[in-house]
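Printed here is target13.cif (mmCIF, C-alpha atoms):
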data_structure
loop_
_atom_site.group_PDB
_atom_site.id
_atom_site.type_symbol
_atom_site.label_atom_id
_atom_site.label_comp_id
_atom_site.auth_asym_id
_atom_site.auth_seq_id
_atom_site.Cartn_x
_atom_site.Cartn_y
_atom_site.Cartn_z
ATOM 1 C CA MET A 754 -10.322 2.601 24.384
ATOM 2 C CA LYS A 755 -7.844 -0.276 24.288
ATOM 3 C CA ILE A 756 -4.613 1.659 24.776
ATOM 4 C CA ASP A 757 -3.642 -0.736 27.594
ATOM 5 C CA SER A 758 -3.461 -3.584 25.067
ATOM 6 C CA ILE A 759 -0.716 -1.631 23.288
ATOM 7 C CA THR A 760 1.235 -0.153 26.196
ATOM 8 C CA ASN A 761 1.428 -3.521 27.988
ATOM 9 C CA MET A 762 2.839 -5.434 25.040
ATOM 10 C CA ASP A 763 5.979 -7.435 25.703
ATOM 11 C CA THR A 764 8.931 -8.035 23.399
ATOM 12 C CA ASP A 765 7.560 -11.407 22.246
ATOM 13 C CA ILE A 766 4.460 -9.938 20.639
ATOM 14 C CA TRP A 767 5.249 -11.431 17.228
ATOM 15 C CA LEU A 768 5.614 -14.935 18.716
ATOM 16 C CA ASP A 769 2.131 -14.739 20.234
ATOM 17 C CA LEU A 770 0.387 -12.306 17.910
ATOM 18 C CA GLU A 771 -2.946 -14.134 17.786
ATOM 19 C CA HIS A 772 -3.607 -13.123 21.403
ATOM 20 C CA TYR A 773 -3.229 -9.423 20.591
ATOM 21 C CA TYR A 774 -6.551 -9.262 18.779
ATOM 22 C CA HIS A 775 -7.092 -5.649 19.872
ATOM 23 C CA LEU A 776 -3.855 -4.686 18.156
ATOM 24 C CA ILE A 777 -4.884 -6.490 14.960
ATOM 25 C CA PHE A 778 -8.302 -4.801 14.981
ATOM 26 C CA ILE A 779 -6.767 -1.352 15.488
ATOM 27 C CA SER A 780 -4.217 -1.945 12.718
ATOM 28 C CA ILE A 781 -6.816 -3.120 10.194
ATOM 29 C CA PHE A 782 -9.086 -0.210 11.106
ATOM 30 C CA LEU A 783 -6.227 2.255 10.548
ATOM 31 C CA HIS A 784 -5.328 0.513 7.294
ATOM 32 C CA MET A 785 -8.839 0.936 5.919
ATOM 33 C CA ALA A 786 -8.921 4.593 6.965
ATOM 34 C CA ILE A 787 -5.509 5.313 5.401
ATOM 35 C CA SER A 788 -6.314 3.458 2.178
ATOM 36 C CA PHE A 789 -9.629 5.190 1.585
ATOM 37 C CA ALA A 790 -8.454 8.657 2.656
ATOM 38 C CA THR A 791 -5.107 8.754 0.823
ATOM 39 C CA ILE A 792 -5.658 6.469 -2.200
ATOM 40 C CA LEU A 793 -9.219 5.522 -3.117
ATOM 41 C CA GLU A 794 -10.846 8.909 -2.549
ATOM 42 C CA PRO A 795 -8.077 10.928 -4.290
ATOM 43 C CA ALA A 796 -8.164 8.404 -7.158
ATOM 44 C CA LYS A 797 -11.758 9.430 -7.879
ATOM 45 C CA GLN A 798 -10.485 12.942 -8.646
ATOM 46 C CA LEU A 799 -7.179 12.015 -10.282
ATOM 47 C CA ASP A 800 -8.166 9.210 -12.677
ATOM 48 C CA PRO A 801 -10.593 11.330 -14.780
ATOM 49 C CA LYS A 802 -7.749 13.826 -15.350
ATOM 50 C CA LEU A 803 -5.523 11.241 -17.035
ATOM 51 C CA GLY A 804 -7.020 12.050 -20.416
ATOM 52 C CA ALA A 805 -8.034 9.746 -23.241
ATOM 53 C CA GLY A 806 -5.517 7.123 -22.223
ATOM 54 C CA ASP A 807 -2.641 7.266 -24.705
ATOM 55 C CA GLY A 808 -0.443 4.479 -23.330
ATOM 56 C CA ARG A 809 -3.163 3.180 -21.047
ATOM 57 C CA THR A 810 -2.404 -0.520 -21.617
ATOM 58 C CA LYS A 811 1.312 -0.010 -21.068
ATOM 59 C CA SER A 812 0.536 1.985 -17.939
ATOM 60 C CA LEU A 813 -1.671 -0.780 -16.529
ATOM 61 C CA ILE A 814 0.989 -3.446 -17.145
ATOM 62 C CA ILE A 815 3.827 -1.397 -15.637
ATOM 63 C CA THR A 816 1.717 -0.263 -12.692
ATOM 64 C CA SER A 817 0.543 -3.784 -11.838
ATOM 65 C CA LEU A 818 4.006 -5.322 -12.170
ATOM 66 C CA LEU A 819 5.697 -2.652 -10.052
ATOM 67 C CA ALA A 820 2.964 -2.770 -7.413
ATOM 68 C CA PHE A 821 3.272 -6.542 -7.074
ATOM 69 C CA ILE A 822 7.098 -6.497 -7.154
ATOM 70 C CA PHE A 823 7.308 -3.891 -4.401
ATOM 71 C CA LEU A 824 4.591 -5.718 -2.462
ATOM 72 C CA ILE A 825 6.739 -8.862 -2.473
ATOM 73 C CA ILE A 826 10.055 -7.154 -1.716
ATOM 74 C CA ILE A 827 8.835 -4.946 1.146
ATOM 75 C CA SER A 828 6.780 -7.730 2.746
ATOM 76 C CA LEU A 829 9.761 -10.095 2.723
ATOM 77 C CA ILE A 830 12.047 -7.401 4.174
ATOM 78 C CA PHE A 831 9.527 -6.791 6.947
ATOM 79 C CA SER A 832 9.003 -10.493 7.712
ATOM 80 C CA GLN A 833 12.747 -11.110 8.037
ATOM 81 C CA SER A 834 12.844 -8.649 10.954
ATOM 82 C CA LEU A 835 10.303 -10.583 13.045
ATOM 83 C CA ASP A 836 12.402 -13.620 14.004
ATOM 84 C CA ILE A 837 9.347 -15.727 14.881
ATOM 85 C CA SER A 838 10.594 -19.090 13.616
ATOM 86 C CA SER A 839 13.796 -20.861 12.715
ATOM 87 C CA GLY A 840 15.097 -21.048 9.168
ATOM 88 C CA ASN A 841 12.966 -19.373 6.509
ATOM 89 C CA GLY A 842 9.605 -19.818 8.229
ATOM 90 C CA GLU A 843 8.770 -16.100 8.139
ATOM 91 C CA SER A 844 9.460 -15.903 4.411
ATOM 92 C CA LEU A 845 7.363 -18.979 3.661
ATOM 93 C CA MET A 846 4.432 -17.618 5.670
ATOM 94 C CA THR A 847 4.722 -14.254 3.918
ATOM 95 C CA ILE A 848 4.828 -15.898 0.477
ATOM 96 C CA TRP A 849 1.528 -17.661 1.173
ATOM 97 C CA LEU A 850 -0.058 -14.356 2.276
ATOM 98 C CA LEU A 851 1.324 -12.628 -0.816
ATOM 99 C CA PHE A 852 0.037 -15.393 -3.073
ATOM 100 C CA ALA A 853 -3.485 -14.932 -1.688
ATOM 101 C CA THR A 854 -3.329 -11.140 -2.092
ATOM 102 C CA ILE A 855 -1.843 -11.047 -5.594
ATOM 103 C CA SER A 856 -4.108 -13.821 -6.881
ATOM 104 C CA THR A 857 -7.156 -11.908 -5.700
ATOM 105 C CA CYS A 858 -5.888 -8.690 -7.318
ATOM 106 C CA VAL A 859 -5.241 -10.416 -10.649
ATOM 107 C CA GLY A 860 -8.689 -12.017 -10.549
ATOM 108 C CA SER A 861 -10.342 -8.670 -9.845
ATOM 109 C CA MET A 862 -8.858 -7.218 -13.045
ATOM 110 C CA PHE A 863 -11.319 -9.359 -15.036
ATOM 111 C CA LEU A 864 -14.361 -7.806 -13.324
ATOM 112 C CA PRO A 865 -14.620 -4.921 -15.858
ATOM 113 C CA THR A 866 -15.253 -7.504 -18.604
ATOM 114 C CA MET A 867 -18.347 -8.551 -16.635
ATOM 115 C CA GLY A 868 -19.751 -5.028 -16.547
ATOM 116 C CA PHE A 869 -18.142 -3.616 -13.398
ATOM 117 C CA ASP A 870 -16.503 -0.739 -15.257
ATOM 118 C CA ALA A 871 -18.095 2.462 -13.979
ATOM 119 C CA THR A 872 -14.739 4.209 -13.326
ATOM 120 C CA PRO A 873 -12.307 5.846 -15.809
ATOM 121 C CA ARG A 874 -9.646 3.176 -15.117
ATOM 122 C CA PRO A 875 -11.736 0.159 -14.033
ATOM 123 C CA GLU A 876 -8.943 -2.459 -14.014
ATOM 124 C CA LEU A 877 -6.665 -0.205 -11.981
ATOM 125 C CA TRP A 878 -9.515 0.738 -9.667
ATOM 126 C CA TRP A 879 -10.220 -2.904 -8.880
ATOM 127 C CA VAL A 880 -6.535 -3.562 -8.162
ATOM 128 C CA ARG A 881 -6.518 -0.666 -5.707
ATOM 129 C CA LEU A 882 -9.780 -1.720 -4.073
ATOM 130 C CA THR A 883 -8.676 -5.350 -3.746
ATOM 131 C CA LEU A 884 -5.327 -4.347 -2.243
ATOM 132 C CA SER A 885 -7.161 -2.138 0.232
ATOM 133 C CA LEU A 886 -9.689 -4.796 1.261
ATOM 134 C CA SER A 887 -7.419 -7.855 1.234
ATOM 135 C CA PRO A 888 -6.071 -7.381 4.822
ATOM 136 C CA LEU A 889 -9.646 -7.301 6.083
ATOM 137 C CA PHE A 890 -10.230 -10.856 4.802
ATOM 138 C CA ILE A 891 -6.740 -12.262 5.399
ATOM 139 C CA ALA A 892 -6.982 -11.196 9.059
ATOM 140 C CA ALA A 893 -9.735 -13.803 9.486
ATOM 141 C CA PHE A 894 -7.188 -16.539 8.700
ATOM 142 C CA SER A 895 -3.832 -15.194 9.874
ATOM 143 C CA PRO A 896 -2.864 -12.530 12.450
ATOM 144 C CA TYR A 897 0.355 -11.976 10.510
ATOM 145 C CA VAL A 898 -1.528 -9.905 7.967
ATOM 146 C CA LEU A 899 0.203 -6.989 9.724
ATOM 147 C CA VAL A 900 3.345 -7.951 7.832
ATOM 148 C CA LEU A 901 1.678 -6.911 4.572
ATOM 149 C CA LEU A 902 0.419 -3.473 5.624
ATOM 150 C CA PRO A 903 3.534 -1.330 4.928
ATOM 151 C CA ALA A 904 4.009 -3.020 1.549
ATOM 152 C CA ILE A 905 0.337 -2.570 0.640
ATOM 153 C CA TRP A 906 0.459 1.162 1.402
ATOM 154 C CA PHE A 907 3.547 1.549 -0.774
ATOM 155 C CA SER A 908 1.999 -0.495 -3.599
ATOM 156 C CA LEU A 909 -1.210 1.527 -3.419
ATOM 157 C CA ALA A 910 0.835 4.704 -3.784
ATOM 158 C CA VAL A 911 2.536 3.141 -6.828
ATOM 159 C CA THR A 912 -0.845 2.489 -8.487
ATOM 160 C CA LEU A 913 -1.733 6.151 -8.010
ATOM 161 C CA VAL A 914 1.508 7.662 -9.322
ATOM 162 C CA ILE A 915 2.745 5.427 -12.176
ATOM 163 C CA PRO A 916 -0.074 6.295 -14.651
ATOM 164 C CA TRP A 917 0.955 9.960 -14.364
ATOM 165 C CA LEU A 918 4.521 9.013 -15.277
ATOM 166 C CA VAL A 919 3.730 6.631 -18.144
ATOM 167 C CA GLU A 920 0.631 7.857 -19.983
ATOM 168 C CA GLU A 921 1.456 10.342 -22.716
ATOM 169 C CA ASP A 922 -1.515 12.644 -22.053
ATOM 170 C CA VAL A 923 -0.223 13.757 -18.649
ATOM 171 C CA LYS A 924 3.562 13.367 -18.818
ATOM 172 C CA SER A 925 4.073 17.059 -19.553
ATOM 173 C CA LEU A 926 2.000 18.076 -16.512
ATOM 174 C CA ASN A 927 4.242 16.414 -13.937
ATOM 175 C CA SER A 928 6.238 18.609 -11.568
ATOM 176 C CA LYS A 929 9.795 18.184 -10.337
ATOM 177 C CA GLN A 930 8.359 17.867 -6.848
ATOM 178 C CA LEU A 931 6.626 14.646 -7.869
ATOM 179 C CA TYR A 932 9.802 13.071 -9.261
ATOM 180 C CA VAL A 933 11.874 14.100 -6.236
ATOM 181 C CA SER A 934 9.234 12.744 -3.843
ATOM 182 C CA ILE A 935 9.088 9.400 -5.655
ATOM 183 C CA ALA A 936 12.881 9.089 -5.534
ATOM 184 C CA LEU A 937 12.971 9.901 -1.804
ATOM 185 C CA VAL A 938 10.137 7.462 -1.068
ATOM 186 C CA ILE A 939 11.908 4.607 -2.880
ATOM 187 C CA ILE A 940 15.211 5.369 -1.137
ATOM 188 C CA PHE A 941 13.514 5.463 2.254
ATOM 189 C CA THR A 942 11.563 2.255 1.681
ATOM 190 C CA LEU A 943 14.424 0.136 0.341
ATOM 191 C CA THR A 944 17.357 1.490 2.383
ATOM 192 C CA ILE A 945 16.290 3.392 5.511
ATOM 193 C CA ALA A 946 13.238 1.296 6.460
ATOM 194 C CA PRO A 947 15.236 -1.992 6.594
ATOM 195 C CA ARG A 948 17.726 -0.258 8.923
ATOM 196 C CA ILE A 949 14.868 0.811 11.201
ATOM 197 C CA LEU A 950 13.631 -2.781 11.281
ATOM 198 C CA GLN A 951 17.048 -4.003 12.454
ATOM 199 C CA GLN A 952 16.338 -2.341 15.807
ATOM 200 C CA PRO A 953 14.137 -4.619 17.999
ATOM 201 C CA GLY A 954 10.586 -3.425 18.544
ATOM 202 C CA ASN A 955 10.465 -0.943 15.666
ATOM 203 C CA GLN A 956 8.020 -2.905 13.514
ATOM 204 C CA LEU A 957 4.933 -1.209 14.929
ATOM 205 C CA PHE A 958 6.601 2.201 14.647
ATOM 206 C CA LEU A 959 7.201 1.553 10.954
ATOM 207 C CA ILE A 960 3.629 0.294 10.422
ATOM 208 C CA TRP A 961 1.811 3.125 12.167
ATOM 209 C CA PHE A 962 4.017 6.191 11.713
ATOM 210 C CA CYS A 963 6.449 5.860 8.807
ATOM 211 C CA MET A 964 4.827 3.962 5.948
ATOM 212 C CA PRO A 965 1.376 5.674 6.090
ATOM 213 C CA LEU A 966 3.143 8.943 5.224
ATOM 214 C CA ILE A 967 4.022 7.562 1.773
ATOM 215 C CA PRO A 968 0.519 7.416 0.226
ATOM 216 C CA LEU A 969 -0.388 10.653 2.024
ATOM 217 C CA LEU A 970 2.637 12.469 0.568
ATOM 218 C CA LEU A 971 2.274 11.244 -3.014
ATOM 219 C CA SER A 972 -1.498 11.681 -3.239
ATOM 220 C CA SER A 973 -1.191 15.208 -1.812
ATOM 221 C CA ILE A 974 1.403 16.145 -4.433
ATOM 222 C CA LEU A 975 -0.731 14.753 -7.264
ATOM 223 C CA LEU A 976 -3.863 16.536 -6.026
ATOM 224 C CA ARG A 977 -1.967 19.826 -5.738
ATOM 225 C CA GLN A 978 -0.527 19.295 -9.212
ATOM 226 C CA MET A 979 -4.015 18.664 -10.611
ATOM 227 C CA ARG A 980 -5.450 21.787 -8.935
ATOM 228 C CA LYS A 981 -2.648 23.964 -10.314
ATOM 229 C CA GLN A 982 -3.380 22.711 -13.823
ATOM 230 C CA GLN A 983 -7.076 23.460 -13.340
ATOM 231 C CA GLN A 984 -6.264 27.025 -12.223
ATOM 232 C CA LEU A 985 -3.995 27.551 -15.224
ATOM 233 C CA GLY A 986 -6.681 26.186 -17.550
ATOM 234 C CA ALA A 987 -9.263 28.530 -16.044
#

Please, can you express the file's structure as structure tokens?
Amino acid sequence: MKIDSITNMDTDIWLDLEHYYHLIFISIFLHMAISFATILEPAKQLDPKLGAGDGRTKSLIITSLLAFIFLIIISLIFSQSLDISSGNGESLMTIWLLFATISTCVGSMFLPTMGFDATPRPELWWVRLTLSLSPLFIAAFSPYVLVLLPAIWFSLAVTLVIPWLVEEDVKSLNSKQLYVSIALVIIFTLTIAPRILQQPGNQLFLIWFCMPLIPLLLSSILLRQMRKQQQLGA
């Protein structure tokens, strides 16, 4: 309905982003759809298959640390491509957005101690849910929440995959396809994606077309892996 607000964008969109409210709305809407379809809904099927949880604490620590580290690295790489202020203004703005997101995620991990623990991996579930919902609230204060979206999708994919690599109950079930896909995703995100961002005007292409494929790819592989194990068990 608002395709004209996208096709008529000029090259200075990032300098005047607050006026492109249609673009921000569309991006947040797509983010919510991608997060729920490729991460939160598959997690409902995948988490119960993780077993009793041998190595569960170690998995939670590694998953959270890696998710936050990649969230910081990818967001800073993305912000450096915007060139919206002199000096390190983009990095400083991104750090404040990251601080708000990570603080909220860490706080949500204490919710299971208050009784909100109806899922097999409640702490991990709340981290995923908070990461998914955080752009919705940050958008009310800063239009530059778009900077966080590619990093959030990657970090959400990390929270889905790492438990399958760390917990002892499911290590033996992993396929070579999963390991190869993870390696390719990391290579793309840390080497190819920054090269794409060096070309002016490619930020929206990366947000809408490249990075959403990451959670879709990894969740699809895990779901297929789980279904194959169910067929073998039957």

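Atom CA of Ser895 of chain A sits 8.5 Å away from atom CA of Leu850 of chain A.
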
Could you please give me, as a CSV table (one decimal) with C-alpha atoms, in the frame of the given file, the residues of protein, DNA or RNA lying at most 6 Å from (-3.9, 1.5, -4.6) in the coordinate frame of the file, considering all atoms listed in the file?
chain,number,residue,atom,x,y,z
A,792,ILE,CA,-5.7,6.5,-2.2
A,881,ARG,CA,-6.5,-0.7,-5.7
A,909,LEU,CA,-1.2,1.5,-3.4
A,910,ALA,CA,0.8,4.7,-3.8
A,912,THR,CA,-0.8,2.5,-8.5

Wanna dump the segment 832-868 of chain A-segment 942-949 of chain A contacts at 12 Å for me, each residue with its shortest atom pair and the distance in Å to one decimal, counting all atoms listed in the file, ordered by chain and number, as a tab-separated table?
residue	atom	partner	partner_atom	distance
A:Ser832	CA	A:Pro947	CA	10.6
A:Gln833	CA	A:Pro947	CA	9.6
A:Ser834	CA	A:Pro947	CA	8.3
A:Leu835	CA	A:Pro947	CA	11.8

Where does the PyMOL selection byres ((chain A and resi 777) around 12) land in this file, that is, which residues does it pick, as an MDAnalysis selection string? chainID A and resid 755 758:759 766:767 770:776 778:784 888:889 891:893 895:900 902 957 960

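On the file presented, the PyMOL selection byres ((chain A and resi 975) around 9) picks out Pro795, Leu799, Leu913, Val914, Trp917, Asn927, Leu931, Leu970, Leu971, Ser972, Ser973, Ile974, Leu976, Arg977, Gln978, Met979 and Arg980 of chain A.
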
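A straight line drawn from atom CA of Leu864 of chain A to atom CA of Ile967 of chain A is 28.3 Å long.
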
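Here the PyMOL selection byres ((chain A and resi 966) around 10) matches the residues Ile787, Thr791, Trp906, Phe907, Val938, Trp961, Phe962, Cys963, Met964, Pro965, Ile967, Pro968, Leu969, Leu970 and Leu971 of chain A.
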
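Each of A:Ile905, A:Leu950, A:Leu882, A:Ile822 was compared to Glu794 of chain A using all atoms listed in the file, and A:Leu882 turns out to be the nearest.
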
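Taking atom CA of Met862 of chain A and atom CA of Ile830 of chain A as the two end points, the separation is 27.1 Å.
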
Of the candidates A:Ser788, A:Ser925, A:Thr883, A:Ser934, which shows the shortest atom-to-atom distance to Leu803 of chain A, using all atoms listed in the file? A:Ser925

Which residue is closest to Lys811 of chain A? Choose from A:Pro916, A:Phe941, A:Phe831, A:Met867 and count all atoms listed in the file. A:Pro916

Close residues, Ile848 of chain A itself excluded, 12 Å, all atoms listed in the file, min 2 positions apart in chain, as a list of chain:residue names: A:Leu824, A:Ile825, A:Ile826, A:Ile827, A:Ser828, A:Leu829, A:Ile830, A:Ser832, A:Gln833, A:Asn841, A:Gly842, A:Glu843, A:Ser844, A:Leu845, A:Met846, A:Leu850, A:Leu851, A:Phe852, A:Ala853, A:Thr854, A:Ile855, A:Ser856, A:Tyr897, A:Val898, A:Val900, A:Leu901

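Close contacts of segment 919-923 of chain A, defined as residues with an atom at most 10 Å away when counting all atoms listed in the file, with chain neighbours fewer than 4 positions off set aside, comprise Lys802, Leu803, Gly804, Ala805, Gly806, Asp807, Gly808, Arg809, Thr810, Lys811, Ser812, Leu813, Ile815, Thr816, Val914, Ile915 and Asn927 of chain A.
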